[in-house]
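Next comes data_0.cif, a file with mmCIF, C-alpha atoms.
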data_coords
#
loop_
_atom_site.label_atom_id
_atom_site.label_comp_id
_atom_site.auth_asym_id
_atom_site.auth_seq_id
_atom_site.Cartn_x
_atom_site.Cartn_y
_atom_site.Cartn_z
CA MET A 19 0.00 0.00 0.00
CA ILE A 20 0.92 3.66 -0.45
CA GLY A 21 -0.95 5.36 2.35
CA ASN A 22 -4.34 3.68 2.06
CA LYS A 23 -4.09 2.94 -1.67
CA PRO A 24 -2.96 -0.33 -3.27
CA VAL A 25 0.22 -0.11 -5.30
CA VAL A 26 -0.52 -0.09 -9.03
CA SER A 27 2.40 0.44 -11.38
CA ARG A 28 3.44 -0.23 -14.95
CA LEU A 29 6.24 -1.09 -17.29
CA ALA A 30 5.86 1.46 -20.08
CA PRO A 31 8.39 0.85 -22.88
CA THR A 32 8.21 2.36 -26.35
CA PRO A 33 8.78 0.10 -29.40
CA SER A 34 11.13 2.61 -31.01
CA GLY A 35 14.37 0.66 -30.54
CA TYR A 36 15.83 -2.38 -28.82
CA LEU A 37 15.68 -2.19 -25.03
CA HIS A 38 19.04 -1.27 -23.50
CA LEU A 39 20.55 -1.83 -20.05
CA GLY A 40 18.82 1.24 -18.60
CA ASN A 41 15.40 0.00 -19.72
CA ALA A 42 16.08 -3.44 -18.24
CA VAL A 43 17.24 -1.99 -14.92
CA ASN A 44 14.09 0.13 -14.72
CA PHE A 45 11.96 -2.95 -15.40
CA VAL A 46 13.63 -4.98 -12.65
CA LEU A 47 13.50 -2.14 -10.12
CA THR A 48 9.81 -1.53 -10.85
CA TRP A 49 9.08 -5.24 -10.53
CA LEU A 50 10.92 -5.46 -7.20
CA LEU A 51 8.99 -2.52 -5.75
CA VAL A 52 5.60 -3.78 -6.89
CA ARG A 53 6.17 -7.34 -5.76
CA ARG A 54 7.45 -6.14 -2.40
CA ALA A 55 4.22 -4.19 -1.96
CA HIS A 56 2.02 -7.07 -3.23
CA GLY A 57 0.75 -4.65 -5.85
CA THR A 58 -0.46 -4.85 -9.44
CA LEU A 59 1.91 -4.48 -12.38
CA HIS A 60 0.69 -3.59 -15.87
CA LEU A 61 2.55 -3.86 -19.15
CA ARG A 62 1.63 -0.64 -20.99
CA ILE A 63 3.44 -0.18 -24.28
CA ASP A 64 3.50 3.42 -25.51
CA ASP A 65 3.18 3.31 -29.30
CA LEU A 66 1.75 6.73 -30.14
CA ASP A 67 4.86 7.32 -32.26
CA ARG A 68 3.84 4.76 -34.86
CA ALA A 69 6.36 6.05 -37.40
CA ARG A 70 9.23 4.64 -35.31
CA LEU A 71 7.54 1.35 -34.42
CA ARG A 72 9.13 -1.79 -35.86
CA SER A 73 7.89 -5.34 -35.36
CA ALA A 74 11.35 -6.37 -34.17
CA TYR A 75 11.29 -3.68 -31.48
CA LEU A 76 7.84 -4.75 -30.32
CA GLU A 77 8.88 -8.41 -30.15
CA ASN A 78 12.02 -7.40 -28.24
CA ILE A 79 9.92 -5.97 -25.40
CA PHE A 80 8.29 -9.33 -24.70
CA GLN A 81 11.56 -11.22 -25.21
CA THR A 82 13.40 -8.97 -22.75
CA ILE A 83 10.74 -9.27 -20.05
CA LYS A 84 10.84 -13.07 -20.35
CA TRP A 85 14.66 -13.08 -20.43
CA LEU A 86 14.76 -11.06 -17.20
CA GLY A 87 12.40 -13.53 -15.51
CA LEU A 88 9.74 -10.93 -14.81
CA ASP A 89 6.00 -11.36 -14.75
CA TYR A 90 3.16 -8.84 -14.87
CA ASP A 91 -0.49 -8.94 -13.88
CA ALA A 92 -2.25 -7.22 -16.78
CA GLY A 93 -1.48 -6.36 -20.37
CA PRO A 94 -0.75 -8.05 -23.69
CA ASP A 95 0.78 -11.51 -23.83
CA GLY A 96 2.54 -10.86 -27.13
CA PRO A 97 2.75 -8.59 -30.18
CA THR A 98 -0.46 -9.86 -31.80
CA ASP A 99 -2.47 -9.44 -28.62
CA PHE A 100 -0.99 -5.98 -28.19
CA GLU A 101 -1.97 -4.82 -31.65
CA ARG A 102 -5.48 -6.25 -31.34
CA GLN A 103 -6.37 -5.01 -27.88
CA TYR A 104 -3.78 -2.80 -26.19
CA SER A 105 -2.25 -0.45 -28.75
CA GLN A 106 -2.79 3.22 -28.03
CA VAL A 107 -4.40 3.54 -31.46
CA HIS A 108 -7.51 2.02 -29.88
CA ARG A 109 -7.71 4.94 -27.45
CA LEU A 110 -7.25 7.91 -29.76
CA GLY A 111 -10.79 9.04 -29.03
CA GLU A 112 -10.03 9.24 -25.30
CA TYR A 113 -6.98 11.38 -25.92
CA GLN A 114 -8.87 13.62 -28.34
CA ALA A 115 -11.64 14.22 -25.80
CA VAL A 116 -9.08 15.45 -23.26
CA LEU A 117 -7.32 17.55 -25.90
CA THR A 118 -10.59 19.25 -26.78
CA LYS A 119 -11.23 20.15 -23.15
CA LEU A 120 -7.71 21.50 -22.74
CA ARG A 121 -8.10 23.53 -25.92
CA ASN A 122 -11.18 25.19 -24.47
CA LEU A 123 -9.29 26.43 -21.41
CA PRO A 124 -8.36 30.09 -22.05
CA GLY A 125 -4.66 30.67 -22.62
CA LEU A 126 -3.50 27.13 -21.92
CA LEU A 127 -2.71 25.86 -25.43
CA TYR A 128 -1.56 27.44 -28.66
CA ALA A 129 -0.85 26.19 -32.16
CA CYS A 130 2.73 26.17 -33.42
CA GLY A 131 4.39 25.10 -36.64
CA CYS A 132 7.93 25.05 -35.26
CA SER A 133 10.01 21.90 -35.03
CA ARG A 134 11.77 20.83 -31.83
CA THR A 135 15.06 21.75 -33.49
CA GLU A 136 13.82 25.29 -34.11
CA ILE A 137 12.60 25.62 -30.54
CA LEU A 138 15.95 24.42 -29.16
CA ALA A 139 17.84 26.78 -31.48
CA ARG A 140 16.29 29.70 -29.62
CA ALA A 141 17.30 28.33 -26.22
CA THR A 142 20.07 30.22 -24.43
CA ASP A 143 22.24 29.16 -21.50
CA GLY A 144 20.33 25.89 -21.28
CA ARG A 145 17.04 27.77 -20.90
CA TYR A 146 14.22 27.20 -23.32
CA ALA A 147 12.66 30.07 -25.20
CA GLY A 148 9.31 31.33 -23.98
CA THR A 149 6.12 31.14 -25.97
CA CYS A 150 6.83 30.48 -29.64
CA ARG A 151 7.04 33.71 -31.62
CA LEU A 152 4.89 32.04 -34.31
CA ALA A 153 2.20 31.00 -31.85
CA HIS A 154 -1.40 31.45 -32.93
CA THR A 155 -4.90 30.31 -31.99
CA ASP A 156 -5.87 28.71 -35.31
CA PHE A 157 -5.91 25.20 -33.88
CA ASP A 158 -7.17 23.76 -37.15
CA ALA A 159 -4.33 25.14 -39.27
CA PRO A 160 -2.46 22.42 -41.18
CA ASN A 161 0.95 21.14 -40.07
CA THR A 162 0.73 22.62 -36.59
CA ALA A 163 1.24 21.08 -33.19
CA TRP A 164 -0.52 22.17 -30.01
CA ARG A 165 1.76 23.31 -27.23
CA ALA A 166 0.97 23.99 -23.58
CA HIS A 167 1.98 27.48 -22.52
CA VAL A 168 4.12 27.01 -19.40
CA PRO A 169 4.21 30.10 -17.16
CA GLU A 170 7.75 31.42 -16.99
CA GLN A 171 8.03 31.29 -13.19
CA LEU A 172 6.15 28.00 -12.72
CA VAL A 173 7.71 25.67 -10.14
CA VAL A 174 6.26 22.16 -9.85
CA GLU A 175 6.84 20.56 -6.46
CA PHE A 176 6.39 16.92 -5.53
CA GLU A 177 7.75 14.30 -3.15
CA ASP A 178 9.98 11.64 -4.65
CA LEU A 179 10.26 8.34 -2.77
CA TRP A 180 13.96 8.06 -3.66
CA GLN A 181 15.13 11.67 -3.49
CA GLY A 182 12.68 13.41 -1.18
CA PRO A 183 11.08 16.81 -1.96
CA LEU A 184 11.83 18.03 -5.48
CA GLN A 185 11.21 21.28 -7.33
CA VAL A 186 11.26 21.59 -11.12
CA GLN A 187 11.27 24.96 -12.89
CA LEU A 188 9.25 23.68 -15.81
CA ALA A 189 9.70 26.57 -18.24
CA GLN A 190 13.48 26.21 -18.00
CA ALA A 191 13.55 22.40 -17.85
CA LEU A 192 11.17 21.61 -20.70
CA GLY A 193 9.59 24.76 -22.11
CA ASP A 194 6.24 24.87 -23.87
CA PHE A 195 5.76 21.17 -24.52
CA VAL A 196 3.68 19.47 -27.22
CA VAL A 197 0.35 17.88 -26.28
CA ARG A 198 -0.85 17.23 -29.84
CA LYS A 199 1.54 16.43 -32.68
CA LYS A 200 1.44 17.87 -36.18
CA ASP A 201 -0.27 14.71 -37.43
CA GLY A 202 -3.23 15.51 -35.18
CA GLU A 203 -2.61 12.71 -32.67
CA ALA A 204 -1.93 13.05 -28.96
CA ALA A 205 1.69 13.47 -27.86
CA TYR A 206 3.49 11.49 -25.18
CA GLN A 207 2.91 13.81 -22.22
CA LEU A 208 -0.86 13.78 -22.65
CA GLY A 209 -1.18 10.14 -23.64
CA SER A 210 0.85 9.00 -20.64
CA VAL A 211 -1.35 10.94 -18.20
CA VAL A 212 -4.60 9.66 -19.69
CA ASP A 213 -3.35 6.07 -19.66
CA ASP A 214 -2.12 6.25 -16.07
CA VAL A 215 -5.44 7.70 -14.90
CA ARG A 216 -7.31 4.92 -16.71
CA LEU A 217 -5.11 2.23 -15.14
CA GLY A 218 -5.38 3.76 -11.67
CA THR A 219 -1.59 4.03 -11.44
CA THR A 220 -0.36 4.96 -7.96
CA LEU A 221 3.40 4.40 -8.40
CA ILE A 222 5.63 5.39 -11.33
CA VAL A 223 9.29 4.37 -11.46
CA ARG A 224 11.43 6.44 -13.85
CA GLY A 225 14.98 7.55 -14.51
CA ASN A 226 16.17 11.00 -13.50
CA ASP A 227 16.06 12.14 -17.12
CA LEU A 228 12.26 12.10 -16.94
CA LEU A 229 11.98 14.55 -14.05
CA PRO A 230 10.87 17.33 -16.44
CA SER A 231 8.25 15.01 -17.92
CA THR A 232 6.92 14.18 -14.47
CA ALA A 233 6.61 17.89 -13.69
CA ALA A 234 4.90 18.55 -17.03
CA GLN A 235 2.43 15.72 -16.51
CA LEU A 236 1.58 16.75 -12.96
CA TRP A 237 0.93 20.32 -14.07
CA LEU A 238 -1.03 19.30 -17.16
CA ALA A 239 -3.17 16.77 -15.27
CA ALA A 240 -4.13 19.42 -12.71
CA GLN A 241 -5.82 21.50 -15.41
CA LEU A 242 -8.85 19.19 -15.71
CA PRO A 243 -11.00 17.34 -13.15
CA GLU A 244 -10.91 14.25 -15.37
CA THR A 245 -7.15 13.89 -14.90
CA ALA A 246 -6.64 15.55 -11.52
CA SER A 247 -6.27 12.19 -9.75
CA PHE A 248 -2.85 11.86 -11.39
CA GLY A 249 -1.64 14.36 -8.81
CA ALA A 250 -1.89 11.68 -6.12
CA THR A 251 0.61 9.42 -7.91
CA HIS A 252 3.84 8.57 -6.10
CA PHE A 253 7.16 8.64 -7.96
CA VAL A 254 10.56 6.99 -7.79
CA HIS A 255 13.21 8.69 -9.95
CA HIS A 256 16.37 6.61 -9.94
CA PRO A 257 19.89 7.45 -11.15
CA LEU A 258 20.72 6.77 -14.79
CA LEU A 259 23.23 4.25 -16.03
CA PRO A 260 25.81 5.75 -18.41
CA GLY A 261 26.86 4.01 -21.58
CA PRO A 262 30.47 3.07 -22.41
CA ASP A 263 31.10 6.65 -23.56
CA GLY A 264 29.77 8.06 -20.31
CA GLN A 265 26.65 9.43 -21.97
CA LYS A 266 23.04 8.54 -21.21
CA LEU A 267 21.86 5.28 -22.75
CA SER A 268 19.35 6.03 -25.49
CA LYS A 269 17.51 3.99 -28.09
CA SER A 270 17.67 6.95 -30.46
CA GLN A 271 21.48 6.64 -30.53
CA GLN A 272 21.54 2.94 -31.37
CA ARG A 273 23.67 1.92 -34.32
CA PRO A 274 22.34 -0.36 -37.09
CA LEU A 275 23.90 -3.50 -35.61
CA ASP A 276 22.86 -2.81 -32.02
CA ARG A 277 20.43 -5.33 -30.53
CA GLY A 278 20.02 -3.83 -27.07
CA ILE A 279 20.90 -5.51 -23.81
CA MET A 280 20.03 -8.99 -25.08
CA GLY A 281 22.58 -8.54 -27.84
CA GLU A 282 25.32 -7.60 -25.37
CA THR A 283 25.17 -10.50 -22.91
CA THR A 284 23.78 -14.01 -22.83
CA SER A 285 22.77 -13.75 -19.18
CA PRO A 286 20.62 -11.17 -17.37
CA ARG A 287 23.07 -11.16 -14.47
CA PRO A 288 24.69 -7.82 -15.54
CA VAL A 289 21.23 -6.28 -15.21
CA TYR A 290 20.77 -7.71 -11.72
CA GLU A 291 24.26 -6.48 -10.79
CA ALA A 292 23.41 -2.96 -11.95
CA VAL A 293 20.20 -2.99 -9.90
CA ALA A 294 22.11 -4.26 -6.86
CA ARG A 295 24.55 -1.34 -7.20
CA LEU A 296 21.68 1.15 -7.40
CA LEU A 297 20.15 -0.35 -4.27
CA ARG A 298 23.54 -0.58 -2.50
CA LEU A 299 23.18 -4.32 -2.08
CA PRO A 300 26.16 -6.72 -1.99
CA PRO A 301 27.27 -8.05 -5.40
CA SER A 302 26.50 -11.60 -4.25
CA THR A 303 22.79 -10.77 -4.22
CA ALA A 304 22.82 -10.46 -8.04
CA GLU A 305 23.28 -14.17 -8.69
CA SER A 306 19.64 -14.48 -9.69
CA LEU A 307 16.40 -12.54 -9.70
CA GLN A 308 15.25 -14.55 -6.69
CA SER A 309 18.36 -13.73 -4.64
CA LEU A 310 18.09 -10.06 -5.62
CA ARG A 311 14.44 -9.97 -4.57
CA ALA A 312 15.17 -11.64 -1.25
CA ALA A 313 17.95 -9.18 -0.46
CA PHE A 314 15.84 -6.20 -1.48
CA GLU A 315 12.90 -7.24 0.67
CA GLU A 316 15.22 -7.48 3.68
CA SER A 317 16.94 -4.17 2.96
CA ARG A 318 16.14 -0.86 4.62
CA MET A 319 18.38 1.17 2.29
CA LEU A 320 15.52 3.36 1.10
CA HIS A 321 13.22 4.06 4.03
CA ALA A 322 10.35 5.61 2.07
CA ILE A 323 10.37 2.83 -0.51
CA SER A 324 10.78 0.11 2.07
CA THR A 325 7.54 1.21 3.74
CA LEU A 326 5.57 0.05 0.68
CA SER A 327 3.63 -2.92 1.90
#

As structure tokens:
Amino acid sequence: MIGNKPVVSRLAPTPSGYLHLGNAVNFVLTWLLVRRAHGTLHLRIDDLDRARLRSAYLENIFQTIKWLGLDYDAGPDGPTDFERQYSQVHRLGEYQAVLTKLRNLPGLLYACGCSRTEILARATDGRYAGTCRLAHTDFDAPNTAWRAHVPEQLVVEFEDLWQGPLQVQLAQALGDFVVRKKDGEAAYQLGSVVDDVRLGTTLIVRGNDLLPSTAAQLWLAAQLPETASFGATHFVHHPLLPGPDGQKLSKSQQRPLDRGIMGETTSPRPVYEAVARLLRLPPSTAESLQSLRAAFEESRMLHAISTLS
């Protein structure tokens, strides 16, 4: 339980590349937390970006979960089941209904034809530009995205179960983010909120790189009564694992011959070892998923997380 609510969480990969070590570590850490709390774990695959979806990437999600030895309580049992019942394309109407309500809120959204590259080009000193200089209110204009206007001084505050109280200056961290893409479909920030509200998610486990997204989603969800319950979600933001070059692991940087974590090692033990290091557990606990779970459930390394029960 978290407070008086059952723990409900999700694995939420995107089929836009082969899953790397960071994805696998997040999966195992999420699984450990949910199983410790006797909660419910969903598999929720985010495929709104259909242009980047490949059948091999989708299959890799299920292969990696099985390879890691993980189970989940709800969600697709394979690629065919996913496409038939669980793809986000089946929920486009839900996202559009929320988009319409957000559009009707005065001053919240605007239409913009700029690309992300153009927006970033106007950033200075690591700070995003303010409202797009080409912003307009013709929401039906072709080839335009809808962006949320983030107040310049907005600070989003929330309690993180790993790091404690956090504050994110959203305008500087993310800027005016997209809620509807140029193709007319919902963007990630909105789709993720709507899906988590529908699933009744109470715990989200993410890497530190998604702190701005968490802040954006909390702020966006608070704009409508239909999504306001998202504000009660608890979060765990864990440290990132660097790649061999010291940079953040990213599917977008994969080379043609890359096959993700399953292409790098025949055993999932390196994943368990990485999780053990994050949790400050002895290396010997990474011999298997079962030994890692046993050690984690006995550990009091993270007091707030260890109170999940």

(request) Any chance you could resolve the PyMOL selection byres ((chain A and resi 86-94) around 7) against this file and give the residues as a PyMOL selection string? (result) chain A and resi 58-62+82-85+95-96+99-100+104+286

Report as a Markdown table: every residue of segment 51-106 of chain A with an atom at most 12 Å from segment 185-206 of chain A, its closest pair of atoms, and their distance in Å to one decimal, counting all atoms listed in the file, with rows sorted by chain and ascending residue number.
| residue | atom | partner | partner_atom | distance |
| --- | --- | --- | --- | --- |
| A:Ile63 | CA | A:Tyr206 | CA | 11.7 |
| A:Asp64 | CA | A:Tyr206 | CA | 8.1 |
| A:Asp65 | CA | A:Tyr206 | CA | 9.2 |
| A:Leu66 | CA | A:Tyr206 | CA | 7.1 |
| A:Asp67 | CA | A:Ala205 | CA | 8.2 |
| A:Arg68 | CA | A:Glu203 | CA | 10.5 |
| A:Ala69 | CA | A:Asp201 | CA | 10.9 |
| A:Gln106 | CA | A:Ala204 | CA | 9.9 |

Given the file shown, enumerate the residues that the PyMOL selection byres ((chain A and resi 294-303) around 12) captures and present them as a tab-separated table (two decimals) with C-alpha atoms, keeping the file's coordinate frame.
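Produced file result.tsv, reproduced below:
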chain	number	residue	atom	x	y	z
A	40	GLY	CA	18.82	1.24	-18.60
A	43	VAL	CA	17.24	-1.99	-14.92
A	44	ASN	CA	14.09	0.13	-14.72
A	46	VAL	CA	13.63	-4.98	-12.65
A	47	LEU	CA	13.50	-2.14	-10.12
A	50	LEU	CA	10.92	-5.46	-7.20
A	51	LEU	CA	8.99	-2.52	-5.75
A	180	TRP	CA	13.96	8.06	-3.66
A	225	GLY	CA	14.98	7.55	-14.51
A	255	HIS	CA	13.21	8.69	-9.95
A	256	HIS	CA	16.37	6.61	-9.94
A	257	PRO	CA	19.89	7.45	-11.15
A	258	LEU	CA	20.72	6.77	-14.79
A	259	LEU	CA	23.23	4.25	-16.03
A	287	ARG	CA	23.07	-11.16	-14.47
A	288	PRO	CA	24.69	-7.82	-15.54
A	289	VAL	CA	21.23	-6.28	-15.21
A	290	TYR	CA	20.77	-7.71	-11.72
A	291	GLU	CA	24.26	-6.48	-10.79
A	292	ALA	CA	23.41	-2.96	-11.95
A	293	VAL	CA	20.20	-2.99	-9.90
A	304	ALA	CA	22.82	-10.46	-8.04
A	305	GLU	CA	23.28	-14.17	-8.69
A	306	SER	CA	19.64	-14.48	-9.69
A	307	LEU	CA	16.40	-12.54	-9.70
A	308	GLN	CA	15.25	-14.55	-6.69
A	309	SER	CA	18.36	-13.73	-4.64
A	310	LEU	CA	18.09	-10.06	-5.62
A	311	ARG	CA	14.44	-9.97	-4.57
A	312	ALA	CA	15.17	-11.64	-1.25
A	313	ALA	CA	17.95	-9.18	-0.46
A	314	PHE	CA	15.84	-6.20	-1.48
A	315	GLU	CA	12.90	-7.24	0.67
A	316	GLU	CA	15.22	-7.48	3.68
A	317	SER	CA	16.94	-4.17	2.96
A	318	ARG	CA	16.14	-0.86	4.62
A	319	MET	CA	18.38	1.17	2.29
A	320	LEU	CA	15.52	3.36	1.10
A	321	HIS	CA	13.22	4.06	4.03
A	323	ILE	CA	10.37	2.83	-0.51
A	324	SER	CA	10.78	0.11	2.07

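Straight-line separation from atom CA of Pro97 of chain A to atom CA of Ala74 of chain A: 9.7 Å.
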
(request) Step by step, work through what the PyMOL selection byres ((chain A and resi 165) around 12) selects in the shown file, and finish by giving those residues as a PyMOL selection string. (result) chain A and resi 117+120-121+125-134+137+148-150+152-155+157+162-164+166-168+192-200+204-205+207-208+234+238

Which centre and which edge lengths, in Å to one decimal, describe the axis-aligned box that holds all listed atoms of segment 130-133 of chain A after 6 Å is added on each side, as AutoDock Vina command-line options?
--center_x 6.4 --center_y 24.0 --center_z -35.0 --size_x 19.3 --size_y 16.3 --size_z 15.2

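Distances from A:Gly111, A:Gly278, A:Gly182, A:Pro169 to Val212 of chain A were compared using only C-alpha atoms, and the smallest one belongs to A:Gly111.
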
Quick one: residues within 6 Å of Ser27 of chain A, only C-alpha atoms counted, chain neighbours fewer than 5 positions away excluded, as a compact mmCIF listing (two decimals) with C-alpha atoms, in the frame of the given file?
# COMPACT_ATOMS: atom_id res chain seq x y z
CA LEU A 59 1.91 -4.48 -12.38
CA THR A 219 -1.59 4.03 -11.44
CA LEU A 221 3.40 4.40 -8.40
CA ILE A 222 5.63 5.39 -11.33

(request) Quick one: everything within 8 Å of Phe253 of chain A, counting only C-alpha atoms, minus sequence neighbours fewer than 5 positions away in the same chain. Send it as a PyMOL selection string. (result) chain A and resi 177-179+221-224

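Atom CA of Leu123 of chain A is positioned 16.1 Å from atom CA of Asp158 of chain A.
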
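For the pair atom CA of Asn22 of chain A and atom CA of Glu112 of chain A, the separation is 28.5 Å.
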
(message) With all atoms listed in the file as the counted atoms, please give the residues lying no more than 10 Å from Val215 of chain A, apart from itself and same-chain residues fewer than 3 positions off, as a ChimeraX atom specification.
(response) /A:210-212,218-220,239,244-249,251

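With only C-alpha atoms as the atoms that count, the residue of A:Thr118, A:Asn226, A:Thr48, A:Thr284 with the shortest distance to Leu184 of chain A is A:Asn226.
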